[in-house]
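Enquirer: Contents are PDB, C-alpha atoms; file name coords_34.pdb:
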```pdb
ATOM      1  CA  MET W 129    -129.211 -71.014 210.815
ATOM      2  CA  LEU W 130    -130.708 -67.661 209.858
ATOM      3  CA  LYS W 131    -127.431 -66.643 208.200
ATOM      4  CA  THR W 132    -127.413 -69.865 206.163
ATOM      5  CA  LYS W 133    -130.993 -69.259 205.038
ATOM      6  CA  ALA W 134    -130.094 -65.703 204.016
ATOM      7  CA  ILE W 135    -127.131 -66.942 201.944
ATOM      8  CA  ILE W 136    -129.292 -69.583 200.263
ATOM      9  CA  LEU W 137    -131.930 -66.943 199.481
ATOM     10  CA  ILE W 138    -129.299 -64.659 197.931
ATOM     11  CA  TYR W 139    -127.909 -67.434 195.742
ATOM     12  CA  MET W 140    -131.395 -68.475 194.666
ATOM     13  CA  SER W 141    -132.158 -64.847 193.774
ATOM     14  CA  ALA W 142    -128.953 -64.675 191.760
ATOM     15  CA  VAL W 143    -129.834 -67.845 189.868
ATOM     16  CA  LEU W 144    -133.304 -66.495 189.073
ATOM     17  CA  ALA W 145    -131.878 -63.150 187.917
ATOM     18  CA  VAL W 146    -129.290 -64.849 185.713
ATOM     19  CA  SER W 147    -131.856 -67.203 184.215
ATOM     20  CA  GLY W 148    -133.932 -64.116 183.404
ATOM     21  CA  LEU W 149    -130.912 -62.624 181.629
ATOM     22  CA  TRP W 150    -130.539 -65.813 179.585
ATOM     23  CA  VAL W 151    -134.160 -65.622 178.463
ATOM     24  CA  ASP W 152    -133.822 -61.892 177.635
ATOM     25  CA  THR W 153    -130.613 -62.543 175.704
ATOM     26  CA  ILE W 154    -132.112 -65.379 173.667
ATOM     27  CA  LYS W 155    -135.158 -63.232 172.824
ATOM     28  CA  GLU W 156    -132.893 -60.355 171.693
ATOM     29  CA  ILE W 157    -130.788 -62.665 169.530
ATOM     30  CA  ARG W 158    -133.863 -64.226 167.924
ATOM     31  CA  ARG W 159    -135.348 -60.776 167.228
ATOM     32  CA  ALA W 160    -132.110 -59.717 165.570
ATOM     33  CA  GLY W 161    -132.110 -62.868 163.440
ATOM     34  CA  LYS W 162    -128.709 -64.003 164.738
ATOM     35  CA  PRO W 163    -127.852 -67.597 165.523
ATOM     36  CA  ILE W 164    -128.115 -68.406 169.233
ATOM     37  CA  ILE W 165    -124.810 -70.271 169.374
ATOM     38  CA  GLY W 166    -121.984 -67.712 169.284
ATOM     39  CA  GLY W 167    -124.395 -64.780 169.654
ATOM     40  CA  ALA W 168    -124.087 -61.922 172.135
ATOM     41  CA  ASN W 169    -124.296 -63.158 175.705
ATOM     42  CA  LYS W 170    -124.661 -60.751 178.612
ATOM     43  CA  ILE W 171    -123.562 -63.242 181.237
ATOM     44  CA  VAL W 172    -120.377 -64.313 179.485
ATOM     45  CA  GLY W 173    -119.586 -60.663 178.745
ATOM     46  CA  TYR W 174    -120.081 -59.705 182.381
ATOM     47  CA  GLU W 175    -118.045 -62.701 183.503
ATOM     48  CA  SER W 176    -115.116 -61.688 181.329
ATOM     49  CA  ARG W 177    -115.451 -58.086 182.533
ATOM     50  CA  LEU W 178    -115.129 -59.174 186.185
ATOM     51  CA  HIS W 179    -112.458 -61.838 185.558
ATOM     52  CA  ALA W 180    -109.581 -59.629 186.716
ATOM     53  CA  LEU W 181    -111.420 -58.949 189.980
ATOM     54  CA  ARG W 182    -111.664 -62.650 190.759
ATOM     55  CA  GLN W 183    -107.874 -62.932 190.779
ATOM     56  CA  ILE W 184    -107.473 -60.080 193.265
ATOM     57  CA  LEU W 185    -110.403 -61.117 195.462
ATOM     58  CA  VAL W 186    -109.221 -64.708 195.996
ATOM     59  CA  GLY W 187    -109.878 -65.632 199.618
ATOM     60  CA  GLU W 188    -112.295 -62.747 200.281
ATOM     61  CA  ARG W 189    -115.605 -63.722 201.833
ATOM     62  CA  MET W 190    -117.442 -60.447 201.184
ATOM     63  CA  VAL W 191    -117.070 -57.492 198.829
ATOM     64  CA  GLY W 192    -119.034 -54.260 198.605
ATOM     65  CA  TYR W 193    -120.832 -53.201 195.444
ATOM     66  CA  ILE W 194    -121.638 -49.670 194.335
ATOM     67  CA  SER W 195    -123.104 -48.672 190.997
ATOM     68  CA  ASP W 196    -125.037 -46.113 189.027
ATOM     69  CA  TYR W 197    -127.118 -48.863 187.409
ATOM     70  CA  GLU W 198    -130.747 -48.738 188.426
ATOM     71  CA  ASP W 199    -131.275 -52.295 187.213
ATOM     72  CA  LEU W 200    -131.455 -54.688 190.169
ATOM     73  CA  LYS W 201    -129.973 -57.479 188.044
ATOM     74  CA  GLN W 202    -126.457 -55.989 188.100
ATOM     75  CA  PRO W 203    -125.583 -56.690 191.750
ATOM     76  CA  LEU W 204    -127.185 -60.132 191.513
ATOM     77  CA  LEU W 205    -125.186 -60.839 188.390
ATOM     78  CA  ALA W 206    -122.011 -59.752 190.196
ATOM     79  CA  SER W 207    -122.940 -62.154 193.024
ATOM     80  CA  TYR W 208    -123.364 -64.951 190.514
ATOM     81  CA  VAL W 209    -120.096 -64.250 188.692
ATOM     82  CA  LEU W 210    -118.015 -63.800 191.858
ATOM     83  CA  ALA W 211    -119.568 -66.683 193.878
ATOM     84  CA  PRO W 212    -118.760 -67.848 196.528
ATOM     85  CA  ILE W 213    -117.850 -64.266 197.459
ATOM     86  CA  PHE W 214    -120.815 -62.504 199.067
ATOM     87  CA  VAL W 215    -121.534 -59.249 197.202
ATOM     88  CA  THR W 216    -123.314 -56.606 199.274
ATOM     89  CA  LYS W 217    -124.626 -53.118 198.635
ATOM     90  CA  ASN W 218    -124.708 -52.589 202.416
ATOM     91  CA  LEU W 219    -121.503 -50.639 203.035
ATOM     92  CA  GLY W 220    -122.297 -50.535 206.740
ATOM     93  CA  ARG W 221    -120.807 -54.032 206.849
ATOM     94  CA  HIS W 222    -117.514 -52.344 205.923
ATOM     95  CA  PRO W 223    -116.074 -54.819 203.409
ATOM     96  CA  ARG W 224    -112.332 -54.634 202.709
ATOM     97  CA  TYR W 225    -112.925 -54.268 198.938
ATOM     98  CA  LEU W 226    -115.563 -52.319 197.052
ATOM     99  CA  ILE W 227    -116.492 -52.836 193.393
ATOM    100  CA  GLY W 228    -117.517 -49.733 191.478
ATOM    101  CA  ASP W 229    -119.613 -50.779 188.481
ATOM    102  CA  TYR W 230    -120.554 -47.804 186.312
ATOM    103  CA  ARG W 231    -122.196 -47.471 182.913
ATOM    104  CA  GLY W 232    -119.348 -45.702 181.199
ATOM    105  CA  SER W 233    -115.727 -44.697 181.474
ATOM    106  CA  ASN W 234    -116.665 -41.063 182.228
ATOM    107  CA  ILE W 235    -117.280 -41.711 185.922
ATOM    108  CA  LYS W 236    -118.376 -38.870 188.162
ATOM    109  CA  HIS W 237    -119.085 -41.162 191.136
ATOM    110  CA  VAL W 238    -122.825 -40.720 191.142
ATOM    111  CA  THR W 239    -122.877 -42.748 194.345
ATOM    112  CA  PRO W 240    -120.494 -41.330 196.956
ATOM    113  CA  ILE W 241    -117.535 -43.512 197.867
ATOM    114  CA  PRO W 242    -116.748 -43.644 201.600
ATOM    115  CA  GLU W 243    -113.579 -41.684 202.405
ATOM    116  CA  SER W 244    -111.856 -44.748 203.853
ATOM    117  CA  TYR W 245    -111.655 -46.324 200.361
ATOM    118  CA  SER W 246    -109.061 -45.610 197.707
ATOM    119  CA  ILE W 247    -108.771 -46.853 194.123
ATOM    120  CA  VAL W 248    -106.741 -50.031 193.705
ATOM    121  CA  THR W 249    -107.324 -50.431 189.972
ATOM    122  CA  ASP W 250    -109.404 -48.632 187.370
ATOM    123  CA  TYR W 251    -110.076 -51.263 184.698
ATOM    124  CA  GLY W 252    -111.687 -48.774 182.340
ATOM    125  CA  ASN W 253    -115.139 -49.448 180.880
ATOM    126  CA  GLY W 254    -116.713 -48.332 184.167
ATOM    127  CA  LEU W 255    -115.179 -50.953 186.456
ATOM    128  CA  ILE W 256    -113.151 -49.806 189.472
ATOM    129  CA  LEU W 257    -111.859 -51.757 192.456
ATOM    130  CA  TYR W 258    -111.504 -49.844 195.743
ATOM    131  CA  LYS W 259    -109.797 -50.983 198.938
ATOM    132  CA  ASP W 260    -110.345 -49.829 202.486
ATOM    133  CA  LYS W 261    -107.307 -47.833 203.693
ATOM    134  CA  SER W 262    -107.895 -48.552 207.378
TER     135      SER W 262
END
```
Would you mind giving the structure from this file in structure tokens?

Expert:
Amino acid sequence: MLKTKAIILIYMSAVLAVSGLWVDTIKEIRRAGKPIIGGANKIVGYESRLHALRQILVGERMVGYISDYEDLKQPLLASYVLAPIFVTKNLGRHPRYLIGDYRGSNIKHVTPIPESYSIVTDYGNGLILYKDKS
């Protein structure tokens, strides 16, 4: 029961974070004087960025998340895009896959990657998928 409540809380948090991104995006588009339909959209852009991961992660229940973003919306957005996969920053749970989400392609691994993980695919633009070797 507690686990179910925790999952519901995470999904509700993700929905709130994403709705906040929608509001921010609409405000930015209006300020720039662009039409809302067909304008820049952070969620759709992030969804297309993580699309390749969805194909590899089919059947996974949990995936780790590591990033140099300080914005708390990024991991929640990843949770939203990859749902129903549970995205966790807690690497102590030892997920089989780990998503590296960095701000640029010049990655110096600001956050240390556990030694048991190796790169499966480097998608460029700061997105890397790691897999546990053990």

Enquirer: I need the output of the PyMOL selection byres ((chain W and resi 184-194) around 7) for this file as a PyMOL selection string; which residues are they?

Expert: chain W and resi 180-183+195+203+213-217+219+223-229

Enquirer: Print the selection's residues with C-alpha atoms to a file, as a PDB file, in the frame of the given file.

Expert:
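Here's the written file part01.pdb:
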```
ATOM      1  CA  ALA W 180    -109.581 -59.629 186.716  1.00  0.00           C
ATOM      2  CA  LEU W 181    -111.420 -58.949 189.980  1.00  0.00           C
ATOM      3  CA  ARG W 182    -111.664 -62.650 190.759  1.00  0.00           C
ATOM      4  CA  GLN W 183    -107.874 -62.932 190.779  1.00  0.00           C
ATOM      5  CA  SER W 195    -123.104 -48.672 190.997  1.00  0.00           C
ATOM      6  CA  PRO W 203    -125.583 -56.690 191.750  1.00  0.00           C
ATOM      7  CA  ILE W 213    -117.850 -64.266 197.459  1.00  0.00           C
ATOM      8  CA  PHE W 214    -120.815 -62.504 199.067  1.00  0.00           C
ATOM      9  CA  VAL W 215    -121.534 -59.249 197.202  1.00  0.00           C
ATOM     10  CA  THR W 216    -123.314 -56.606 199.274  1.00  0.00           C
ATOM     11  CA  LYS W 217    -124.626 -53.118 198.635  1.00  0.00           C
ATOM     12  CA  LEU W 219    -121.503 -50.639 203.035  1.00  0.00           C
ATOM     13  CA  PRO W 223    -116.074 -54.819 203.409  1.00  0.00           C
ATOM     14  CA  ARG W 224    -112.332 -54.634 202.709  1.00  0.00           C
ATOM     15  CA  TYR W 225    -112.925 -54.268 198.938  1.00  0.00           C
ATOM     16  CA  LEU W 226    -115.563 -52.319 197.052  1.00  0.00           C
ATOM     17  CA  ILE W 227    -116.492 -52.836 193.393  1.00  0.00           C
ATOM     18  CA  GLY W 228    -117.517 -49.733 191.478  1.00  0.00           C
ATOM     19  CA  ASP W 229    -119.613 -50.779 188.481  1.00  0.00           C
TER      20      ASP W 229
END
```

Enquirer: How far is it from CA of Leu178 in chain W to CA of Arg231 in chain W, in Å with one decimal?

Expert: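 These two atoms are separated by 14.1 Å.
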
Enquirer: Would you compute the distance between CA of Val172 in chain W and CA of Lys131 in chain W? Give it in Å to one decimal.

Expert: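 Straight-line distance from CA of Val172 in chain W to CA of Lys131 in chain W works out to 29.7 Å.
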
Enquirer: Using only C-alpha atoms and a cutoff of 10 Å, can you tell me which residues are near (-115.7, -49.4, 184.9) in the file's coordinates, and write them out as a VMD selection string?

Expert: chain W and resid 177 to 178 195 227 to 235 249 to 257

Enquirer: Under the rule that only C-alpha atoms are counted, which of W:Ala211, W:Ile241, W:Ile136, W:Val248 is the nearest residue to Glu175 in chain W?

Expert: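 Checking each of W:Ala211, W:Ile241, W:Ile136, W:Val248 against Glu175 in chain W, counting only C-alpha atoms, the winner is W:Ala211.
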
Enquirer: CA of Gln202 in chain W to CA of Ser176 in chain W: how many Å, to one decimal?

Expert: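 These atoms are spaced 14.4 Å apart.
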
Enquirer: With distances taken over all atoms listed in the file, which residue among W:Thr132, W:Val209, W:His222, W:Lys261 lies nearest Glu243 in chain W?

Expert: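 For Glu243 in chain W, the nearest of the candidates is W:Lys261.
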